[in-house]
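Structure data (compact mmCIF, C-alpha atoms) from start25.txt:
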```txt
# COMPACT_ATOMS: atom_id res chain seq x y z
CA MET A 124 24.01 119.31 -140.98
CA ASN A 125 24.54 117.92 -144.47
CA ALA A 126 23.11 121.05 -146.12
CA ALA A 127 25.74 123.21 -144.39
CA VAL A 128 28.60 121.56 -146.27
CA GLU A 129 29.57 123.50 -149.37
CA LEU A 130 30.95 121.48 -152.28
CA ILE A 131 33.09 123.41 -154.75
CA VAL A 132 33.07 122.03 -158.28
CA THR A 133 33.90 125.08 -160.44
CA ALA A 134 36.99 127.21 -160.92
CA ASP A 135 35.07 130.43 -160.22
CA ALA A 136 33.69 129.14 -156.92
CA LEU A 137 37.14 128.02 -155.81
CA ALA A 138 38.76 131.33 -156.80
CA ALA A 139 36.12 133.24 -154.82
CA ARG A 140 36.63 131.08 -151.74
CA VAL A 141 40.42 131.38 -151.95
CA GLU A 142 40.11 135.16 -152.11
CA GLY A 143 38.18 135.11 -148.83
CA TRP A 144 40.58 132.68 -147.17
CA LYS A 145 43.54 134.95 -147.91
CA HIS A 146 42.53 137.13 -144.98
CA ARG A 147 42.28 134.33 -142.43
CA PRO A 148 45.02 133.83 -139.80
CA TRP A 149 44.72 130.04 -140.08
CA LEU A 150 42.96 127.34 -142.06
CA ALA A 151 42.22 123.73 -141.12
CA LEU A 152 42.97 121.25 -143.92
CA ASP A 153 42.38 117.61 -144.70
CA THR A 154 42.25 115.44 -147.81
CA GLU A 155 40.54 112.32 -149.06
CA PHE A 156 42.48 110.23 -151.56
CA LEU A 157 42.88 106.74 -152.99
CA ARG A 158 46.12 104.78 -153.11
CA GLU A 159 45.33 101.14 -153.59
CA ASP A 160 46.71 100.34 -157.03
CA THR A 161 48.81 103.41 -157.86
CA TYR A 162 52.21 104.76 -156.91
CA HIS A 163 50.94 108.31 -156.63
CA PRO A 164 47.89 108.99 -154.43
CA ILE A 165 44.79 110.10 -156.33
CA LEU A 166 43.48 113.26 -154.70
CA CYS A 167 39.69 113.22 -154.58
CA LEU A 168 38.75 115.92 -152.10
CA VAL A 169 40.32 118.77 -150.15
CA GLN A 170 38.50 119.96 -147.06
CA VAL A 171 39.06 123.48 -145.72
CA GLY A 172 37.73 124.97 -142.49
CA ASP A 173 38.18 128.54 -141.29
CA GLY A 174 36.30 128.43 -138.01
CA GLU A 175 33.09 129.71 -139.56
CA SER A 176 32.38 127.31 -142.42
CA ASP A 177 33.63 124.00 -143.73
CA VAL A 178 34.12 123.53 -147.46
CA CYS A 179 34.85 120.48 -149.61
CA ILE A 180 36.72 121.01 -152.87
CA ASP A 181 36.06 118.38 -155.53
CA THR A 182 39.53 118.09 -157.03
CA LEU A 183 38.34 115.50 -159.54
CA ALA A 184 35.88 118.00 -161.00
CA LEU A 185 38.48 120.75 -161.41
CA ALA A 186 41.21 121.08 -164.03
CA PRO A 187 44.81 121.39 -162.78
CA GLU A 188 44.83 125.04 -163.83
CA ALA A 189 41.79 125.77 -161.66
CA LEU A 190 43.56 124.41 -158.58
CA LYS A 191 46.54 126.77 -158.83
CA PRO A 192 44.99 129.43 -156.54
CA LEU A 193 44.56 126.76 -153.87
CA TRP A 194 48.18 125.61 -154.12
CA ALA A 195 49.36 129.22 -153.88
CA LEU A 196 47.22 129.74 -150.78
CA LEU A 197 48.84 126.77 -149.05
CA THR A 198 52.23 128.51 -149.11
CA ALA A 199 50.97 131.95 -147.99
CA PRO A 200 53.32 132.87 -145.10
CA ALA A 201 50.71 134.79 -143.10
CA ILE A 202 48.24 131.89 -142.89
CA THR A 203 48.89 128.93 -140.59
CA LYS A 204 47.68 125.62 -142.01
CA VAL A 205 46.35 123.19 -139.43
CA LEU A 206 46.53 119.46 -140.21
CA HIS A 207 46.84 116.24 -138.25
CA ALA A 208 49.72 113.85 -139.04
CA PRO A 209 49.89 115.32 -142.56
CA SER A 210 52.75 113.44 -144.21
CA GLN A 211 50.53 111.88 -146.88
CA ASP A 212 48.69 115.17 -147.41
CA LEU A 213 51.99 117.00 -147.84
CA GLU A 214 53.19 114.41 -150.35
CA ILE A 215 50.11 115.15 -152.44
CA PHE A 216 50.53 118.91 -152.19
CA VAL A 217 54.20 118.74 -153.17
CA ARG A 218 53.43 116.62 -156.22
CA LEU A 219 50.41 118.54 -157.48
CA GLY A 220 51.25 122.04 -156.30
CA GLY A 221 55.02 121.87 -156.54
CA ASP A 222 55.52 122.87 -152.92
CA THR A 223 54.58 121.90 -149.41
CA VAL A 224 52.39 123.65 -146.84
CA THR A 225 53.85 126.50 -144.80
CA PRO A 226 53.59 127.53 -142.06
CA LEU A 227 52.27 124.27 -140.66
CA PHE A 228 50.60 123.39 -137.35
CA ASP A 229 50.50 119.61 -136.92
CA THR A 230 48.03 118.75 -134.17
CA GLN A 231 49.68 115.35 -133.67
CA ILE A 232 53.01 117.00 -132.81
CA ALA A 233 51.16 119.55 -130.69
CA ALA A 234 49.44 116.75 -128.79
CA ALA A 235 52.80 115.13 -127.99
CA LEU A 236 54.27 118.44 -126.82
CA LEU A 237 51.24 118.94 -124.57
CA GLY A 238 51.70 115.56 -122.91
CA HIS A 239 48.87 113.71 -124.64
CA GLY A 240 51.13 110.95 -125.96
CA ASP A 241 53.25 110.33 -129.05
CA GLN A 242 51.67 109.51 -132.43
CA LEU A 243 48.15 110.13 -131.11
CA GLY A 244 45.55 109.33 -133.75
CA TYR A 245 43.02 111.90 -134.89
CA ALA A 246 39.98 110.08 -133.49
CA ALA A 247 41.70 109.68 -130.11
CA LEU A 248 42.63 113.37 -130.09
CA VAL A 249 39.08 114.49 -130.86
CA ASP A 250 37.73 112.21 -128.16
CA LYS A 251 40.31 113.40 -125.64
CA LEU A 252 39.89 117.13 -126.24
CA LEU A 253 36.29 117.46 -127.39
CA GLY A 254 34.64 114.36 -125.94
CA ILE A 255 33.36 113.41 -129.39
CA LYS A 256 33.37 109.83 -130.66
CA LEU A 257 33.98 110.00 -134.38
CA ASP A 258 31.75 108.05 -136.73
CA LYS A 259 33.95 105.52 -138.51
CA SER A 260 31.23 103.99 -140.68
CA LEU A 261 32.48 105.77 -143.82
CA THR A 262 36.19 105.09 -143.31
CA ARG A 263 36.38 102.88 -146.41
CA THR A 264 34.39 105.16 -148.68
CA ASP A 265 35.44 105.22 -152.33
CA TRP A 266 36.14 108.96 -152.55
CA SER A 267 36.54 108.80 -156.32
CA ARG A 268 32.90 107.81 -156.81
CA ARG A 269 30.54 110.57 -157.89
CA PRO A 270 28.23 111.97 -156.84
CA LEU A 271 29.25 112.05 -153.19
CA THR A 272 26.34 111.73 -150.79
CA GLY A 273 25.35 114.23 -148.13
CA PRO A 274 26.52 111.96 -145.30
CA GLU A 275 29.88 111.46 -147.06
CA LEU A 276 30.42 115.21 -147.42
CA ALA A 277 29.42 115.76 -143.80
CA TYR A 278 31.84 113.04 -142.72
CA ALA A 279 34.68 114.65 -144.70
CA ALA A 280 33.91 118.16 -143.51
CA ALA A 281 33.72 117.09 -139.85
CA ASP A 282 37.48 116.55 -139.78
CA VAL A 283 38.29 120.20 -140.46
CA ARG A 284 35.45 121.36 -138.23
CA HIS A 285 37.01 119.55 -135.27
CA LEU A 286 40.49 120.78 -136.19
CA SER A 287 39.10 124.31 -136.16
CA GLU A 288 37.95 123.78 -132.58
CA ILE A 289 41.10 122.04 -131.40
CA HIS A 290 43.74 124.32 -132.90
CA PRO A 291 43.12 127.57 -130.94
CA ARG A 292 43.08 125.67 -127.65
CA MET A 293 46.27 123.76 -128.40
CA ARG A 294 48.05 126.90 -129.56
CA GLU A 295 47.23 128.76 -126.34
CA GLU A 296 48.38 125.81 -124.24
CA LEU A 297 51.66 125.62 -126.16
CA ILE A 298 52.24 129.33 -125.62
CA ALA A 299 51.56 128.93 -121.90
CA LEU A 300 54.14 126.13 -121.71
CA GLY A 301 56.67 128.03 -123.83
CA ARG A 302 56.61 125.31 -126.46
CA LEU A 303 55.07 126.97 -129.50
CA ALA A 304 58.56 127.54 -130.95
CA TRP A 305 59.25 123.83 -130.47
CA LEU A 306 56.19 122.98 -132.52
CA GLN A 307 57.16 125.46 -135.22
CA GLU A 308 60.65 123.95 -135.45
CA ASP A 309 59.32 120.41 -135.80
CA CYS A 310 56.65 121.47 -138.29
CA ALA A 311 59.18 123.33 -140.43
CA ARG A 312 61.25 120.14 -140.62
CA LEU A 313 58.17 118.06 -141.43
CA ALA A 314 57.17 120.47 -144.20
CA GLU A 315 60.46 120.35 -146.10
CA PRO A 316 59.52 119.49 -149.72
CA ALA A 317 62.54 117.20 -150.16
CA ARG A 318 60.97 114.73 -147.71
CA TYR A 319 58.17 114.06 -150.20
CA ARG A 320 60.15 113.67 -153.39
CA ASN A 321 61.43 110.20 -154.14
CA PRO A 322 64.42 110.29 -156.50
CA PRO A 323 65.19 106.73 -157.62
CA ASN A 324 68.88 107.08 -156.77
CA GLU A 325 67.93 107.46 -153.09
CA ALA A 326 65.38 104.63 -152.98
CA TRP A 327 67.89 102.30 -151.31
CA LYS A 328 67.63 104.36 -148.12
CA ARG A 329 64.20 102.82 -147.50
CA LEU A 330 65.54 99.26 -147.59
CA LYS A 331 65.37 97.80 -144.10
CA GLY A 332 68.24 95.57 -143.16
CA LEU A 333 70.51 96.62 -146.01
CA GLY A 334 73.45 96.77 -143.62
CA ARG A 335 72.91 93.12 -142.68
CA MET A 336 73.35 91.95 -146.25
CA PRO A 337 76.70 90.64 -147.53
CA PRO A 338 78.84 93.55 -148.80
CA ALA A 339 78.81 92.17 -152.35
CA ALA A 340 75.01 92.13 -152.39
CA GLN A 341 74.53 95.66 -151.15
CA PRO A 342 75.28 97.56 -154.40
CA VAL A 343 73.00 95.13 -156.27
CA ALA A 344 70.18 95.77 -153.80
CA MET A 345 70.71 99.52 -154.15
CA ALA A 346 70.54 99.29 -157.93
CA LEU A 347 67.41 97.14 -157.79
CA ALA A 348 65.73 99.62 -155.42
CA GLY A 349 66.46 102.48 -157.80
CA TRP A 350 65.18 100.54 -160.79
CA ARG A 351 62.01 99.57 -158.92
CA GLU A 352 61.36 103.17 -157.91
CA ARG A 353 61.77 104.43 -161.47
CA ILE A 354 59.49 101.78 -162.97
CA ALA A 355 56.86 102.28 -160.25
CA GLN A 356 56.83 106.01 -160.91
CA GLU A 357 56.69 105.61 -164.68
CA ARG A 358 53.88 103.05 -164.55
CA ASP A 359 52.16 104.63 -161.54
CA ARG A 360 51.96 101.33 -159.71
CA PRO A 361 52.84 100.40 -156.11
CA ARG A 362 56.46 99.45 -155.57
CA LYS A 363 55.56 95.97 -154.37
CA TRP A 364 53.67 95.34 -157.60
CA ILE A 365 56.91 95.85 -159.49
CA LEU A 366 59.23 94.01 -157.12
CA ASP A 367 58.55 93.20 -153.48
CA ASP A 368 61.28 93.46 -150.86
CA ASP A 369 61.73 89.71 -150.38
CA ALA A 370 62.34 89.20 -154.09
CA LEU A 371 64.67 92.18 -154.21
CA TYR A 372 66.83 90.84 -151.37
CA ARG A 373 66.91 87.33 -152.83
CA ILE A 374 67.96 88.58 -156.27
CA ALA A 375 70.63 90.80 -154.75
CA GLU A 376 72.09 87.96 -152.70
CA ARG A 377 71.96 85.29 -155.43
CA ALA A 378 72.93 87.63 -158.30
CA PRO A 379 71.40 85.63 -161.21
CA ARG A 380 73.44 85.89 -164.41
CA ASP A 381 70.68 85.09 -166.88
CA LEU A 382 66.94 84.52 -167.22
CA GLU A 383 67.25 80.86 -166.37
CA GLU A 384 68.97 81.55 -163.06
CA LEU A 385 66.51 84.35 -162.31
CA ALA A 386 63.50 82.11 -162.94
CA ALA A 387 65.08 79.35 -160.82
CA LEU A 388 64.94 81.60 -157.76
CA LYS A 389 61.13 81.34 -157.91
CA VAL A 390 60.63 84.77 -156.36
CA LEU A 391 58.99 86.43 -159.37
CA PRO A 392 55.83 85.69 -161.33
CA VAL A 393 56.49 84.24 -164.78
CA LYS A 394 55.12 87.38 -166.46
CA THR A 395 57.51 89.57 -164.46
CA VAL A 396 60.47 87.46 -165.56
CA GLU A 397 59.30 87.74 -169.16
CA ARG A 398 58.74 91.49 -168.96
CA HIS A 399 61.65 92.59 -166.79
CA GLY A 400 64.02 89.64 -166.58
CA GLN A 401 66.58 90.96 -169.05
CA ALA A 402 66.63 94.36 -167.41
CA LEU A 403 67.09 92.81 -163.98
CA THR A 404 69.95 90.51 -164.91
CA SER A 405 71.67 93.35 -166.76
CA LEU A 406 71.24 95.53 -163.68
CA VAL A 407 72.78 92.86 -161.47
CA ALA A 408 75.78 92.54 -163.76
CA ALA A 409 76.28 96.31 -163.97
CA ALA A 410 76.10 96.71 -160.18
CA GLN A 411 78.65 93.95 -159.67
CA ALA A 412 81.00 95.59 -162.17
CA GLU A 413 81.00 98.91 -160.35
CA ALA A 414 83.95 99.96 -158.24
CA PRO A 415 83.57 98.64 -154.69
CA ARG A 416 81.97 101.06 -152.27
CA PRO A 417 82.23 101.05 -148.48
CA ALA A 418 79.83 98.47 -147.11
CA LEU A 419 77.04 99.44 -144.77
CA VAL A 420 77.30 97.46 -141.58
CA ASP A 421 74.63 97.08 -138.89
CA GLU A 422 76.99 96.06 -136.12
CA PRO A 423 75.47 95.09 -132.78
CA LEU A 424 76.50 97.18 -129.81
CA THR A 425 79.41 95.90 -127.75
CA GLU A 426 78.94 95.29 -124.03
CA PRO A 427 80.53 98.66 -123.08
CA GLN A 428 78.30 100.35 -125.65
CA LYS A 429 75.25 98.63 -124.20
CA ALA A 430 76.18 100.02 -120.81
CA LYS A 431 76.32 103.51 -122.32
CA LEU A 432 72.94 102.96 -123.97
CA LYS A 433 71.45 102.06 -120.59
CA ARG A 434 72.88 105.28 -119.10
CA LEU A 435 71.46 107.35 -121.93
CA GLN A 436 68.05 105.68 -121.71
CA ASP A 437 67.89 106.29 -117.96
CA GLY A 438 68.93 109.91 -118.36
CA LEU A 439 66.46 110.45 -121.18
CA ARG A 440 63.64 108.88 -119.18
CA THR A 441 64.30 111.25 -116.28
CA ILE A 442 64.18 114.28 -118.61
CA ALA A 443 61.04 113.07 -120.39
CA GLU A 444 59.17 112.42 -117.16
CA ALA A 445 60.13 115.82 -115.76
CA GLN A 446 58.83 117.52 -118.91
CA ASN A 447 55.77 115.26 -119.35
CA LEU A 448 56.93 114.40 -122.86
CA PRO A 449 57.07 111.06 -124.70
CA ILE A 450 60.59 109.64 -124.71
CA SER A 451 60.37 108.87 -128.44
CA LEU A 452 59.51 112.48 -129.21
CA ILE A 453 62.76 113.68 -127.68
CA ALA A 454 65.07 110.94 -128.96
CA PRO A 455 64.34 107.52 -130.49
CA ARG A 456 66.71 104.66 -129.75
CA ALA A 457 68.41 105.17 -133.13
CA ASP A 458 69.51 108.64 -131.99
CA LEU A 459 71.02 107.23 -128.83
CA GLU A 460 72.90 104.53 -130.72
CA ALA A 461 74.21 107.13 -133.18
CA MET A 462 75.49 109.21 -130.27
CA ILE A 463 77.24 106.17 -128.82
CA ARG A 464 78.98 105.49 -132.13
CA PHE A 465 79.76 109.04 -133.24
CA GLY A 466 79.44 111.26 -130.18
CA ALA A 467 78.66 114.94 -130.78
CA ALA A 468 79.15 114.39 -134.54
CA ALA A 469 76.18 112.03 -134.73
CA GLU A 470 73.41 112.87 -137.18
CA ALA A 471 70.71 112.79 -134.52
CA THR A 472 67.64 114.96 -134.14
CA VAL A 473 68.22 115.11 -130.38
CA LEU A 474 71.37 117.13 -131.07
CA GLN A 475 69.44 119.80 -132.95
CA GLY A 476 67.27 122.76 -131.96
CA TRP A 477 65.12 122.59 -128.84
CA ARG A 478 65.94 118.93 -128.26
CA ARG A 479 69.65 119.67 -127.88
CA GLU A 480 68.95 122.35 -125.31
CA LEU A 481 66.45 120.19 -123.46
CA ALA A 482 68.28 116.87 -123.53
CA GLY A 483 71.08 116.61 -126.09
CA GLU A 484 73.81 118.32 -124.09
CA ALA A 485 72.90 116.37 -120.96
CA LEU A 486 73.00 113.10 -122.85
CA LEU A 487 76.38 113.91 -124.40
CA ALA A 488 77.73 114.43 -120.88
CA LEU A 489 76.70 110.85 -120.02
CA LEU A 490 78.75 109.26 -122.79
```
Could I get this structure in the form of structure tokens?
Amino acid sequence: MNAAVELIVTADALAARVEGWKHRPWLALDTEFLREDTYHPILCLVQVGDGESDVCIDTLALAPEALKPLWALLTAPAITKVLHAPSQDLEIFVRLGGDTVTPLFDTQIAAALLGHGDQLGYAALVDKLLGIKLDKSLTRTDWSRRPLTGPELAYAAADVRHLSEIHPRMREELIALGRLAWLQEDCARLAEPARYRNPPNEAWKRLKGLGRMPPAAQPVAMALAGWRERIAQERDRPRKWILDDDALYRIAERAPRDLEELAALKVLPVKTVERHGQALTSLVAAAQAEAPRPALVDEPLTEPQKAKLKRLQDGLRTIAEAQNLPISLIAPRADLEAMIRFGAAAEATVLQGWRRELAGEALLALL
């Protein structure tokens, strides 16, 4: 089994393989990467399966120029790329290749559309469809270490081998149910490159609970989130290594005016205060000096709104059960609350595409 796994370590070998893959209708893909002490994931291996063979590409052994044919292949419109829950893979491809993967077939979305449950993990999917219990003994392998052993390569290649078996079956079942177009719609949304780029000026959107902060603290928190994102990217370090969320919220709420007040909060290591203290206090002052902006408010639902939410949840549950679909796949609670607050103008996925036809219009009628 180990001997059957091909490891590509040269540009010529990769170019030859890519040339052959250009004529395939689909390719199964997976990656192995490290992301423990960096902002950007370190890509160590790309696995490709075409239904006949499974290949591992040693991305650490290849120069960026040598990988260009692979990145071009991933956007070839005639070849479907099969991955499972690929958000982290797509982030890597967007950063290194400049684009995402299209067209995409996400087997996790397919599993939900086929009634196997929402957010089904890869091991559970393989067990459910193939009756195979995956070996998890190499889950914590250091994929940057070289040379990789035969068992490690076999472990990595097995993922695309199983995807190659699962994909044709799932595709035929989706066609039979009339849901292949639903999958394609969801996968096209998932594959949008903008989802995987992190401009610092939009970093505040990831702050949980921002709307519960005092209005005066919100612009400071937004500025701190943008600063943290920029520094993390520049230094290639995890965000929390630069400034964790608890410290960010405390600084935003207390708005220290100088290094002494910042240090007195006792939310930052001494070295961080020494290195970034001046920048942080200057940032706080600048954010406070900006023209006031409308505050974000996480207002609890009123009693009449709660009654509407109950109606929507009941109606959604009836639709989901009739279609054998997870409720959360059709509309998460946030969508329902947005509909209650903004009606048909709500920015809610349930009011788009196949979800609107299946459930969105019916839910709007219950408001």
re CA of Ile202 in chain A and CA of Val171 in chain A: distance 12.8 Å
Calculated over all atoms listed in the file, which of the candidates A:Gln411, A:Ser210, A:Gln307, A:Thr223 has the smallest distance to Arg294 in chain A? A:Gln307
Once you count all atoms listed in the file, which residues end up no further than 12 Å from (53.3, 100.0, -161.2) in the file's frame, shown as an MDAnalysis selection string? chainID A and resid 158:163 350:367 395
So what do you get for CA of Thr182 in chain A versus CA of Gln211 in chain A, distance-wise?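 Value for the CA of Thr182 in chain A-CA of Gln211 in chain A distance: 16.2 Å.
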In the coordinates of the file, take the point (46.2, 114.9, -153.6) and a cut-off of 6 Å; then, counting only C-alpha atoms, name each qualifying protein, DNA or RNA residue as a count of residues only. 3
CA of Leu206 in chain A sits from CA of Leu152 in chain A at a separation of 5.4 Å
Close residues, Leu487 in chain A itself excluded, 10 Å, all atoms listed in the file, min 3 positions apart in chain, as a short mmCIF file (atom, residue, chain, number, x, y, z; two decimals) with C-alpha atoms, keeping the file's coordinate frame:
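Below is the file result_25.cif, written as the result:
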```
data_model
loop_
_atom_site.label_atom_id
_atom_site.label_comp_id
_atom_site.auth_asym_id
_atom_site.auth_seq_id
_atom_site.Cartn_x
_atom_site.Cartn_y
_atom_site.Cartn_z
CA LEU A 435 71.46 107.35 -121.93
CA LEU A 459 71.02 107.23 -128.83
CA MET A 462 75.49 109.21 -130.27
CA ILE A 463 77.24 106.17 -128.82
CA GLY A 466 79.44 111.26 -130.18
CA ALA A 467 78.66 114.94 -130.78
CA LEU A 474 71.37 117.13 -131.07
CA ARG A 479 69.65 119.67 -127.88
CA ALA A 482 68.28 116.87 -123.53
CA GLY A 483 71.08 116.61 -126.09
CA GLU A 484 73.81 118.32 -124.09
CA LEU A 490 78.75 109.26 -122.79
#
```
Of the residues A:Arg398, A:Arg268, A:Arg373, A:Arg478, which is the one nearest to Ala304 in chain A, using all atoms listed in the file? A:Arg478
Residue nearest Leu406 in chain A - candidates A:Met345, A:Asp153, A:Leu243, A:Asn447, atoms counted: only C-alpha atoms: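 Of all the options, A:Met345 lies closest to Leu406 in chain A.
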Near Pro449 in chain A, counting only C-alpha atoms, which residues have an atom at most 8 Å away, once you skip same-chain residues fewer than 4 positions from it, shown as a PDB file with C-alpha atoms, keeping the file's coordinate frame?
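Output (part-v3.pdb):
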```pdb
ATOM      1  CA  ALA A 235      52.800 115.130-127.990  1.00  0.00           C
ATOM      2  CA  GLY A 238      51.700 115.560-122.910  1.00  0.00           C
ATOM      3  CA  GLY A 240      51.130 110.950-125.960  1.00  0.00           C
ATOM      4  CA  ASP A 241      53.250 110.330-129.050  1.00  0.00           C
ATOM      5  CA  ALA A 443      61.040 113.070-120.390  1.00  0.00           C
ATOM      6  CA  GLU A 444      59.170 112.420-117.160  1.00  0.00           C
ATOM      7  CA  ILE A 453      62.760 113.680-127.680  1.00  0.00           C
TER       8      ILE A 453
END
```
Can you tell me which residues surround Thr225 in chain A at a distance of at most 12 Å, considering only C-alpha atoms, apart from same-chain residues fewer than 4 positions away, and format the answer as an NGL selection string? :A and (149-150 or 194-206 or 213 or 216-217 or 229 or 307-308 or 310-316)
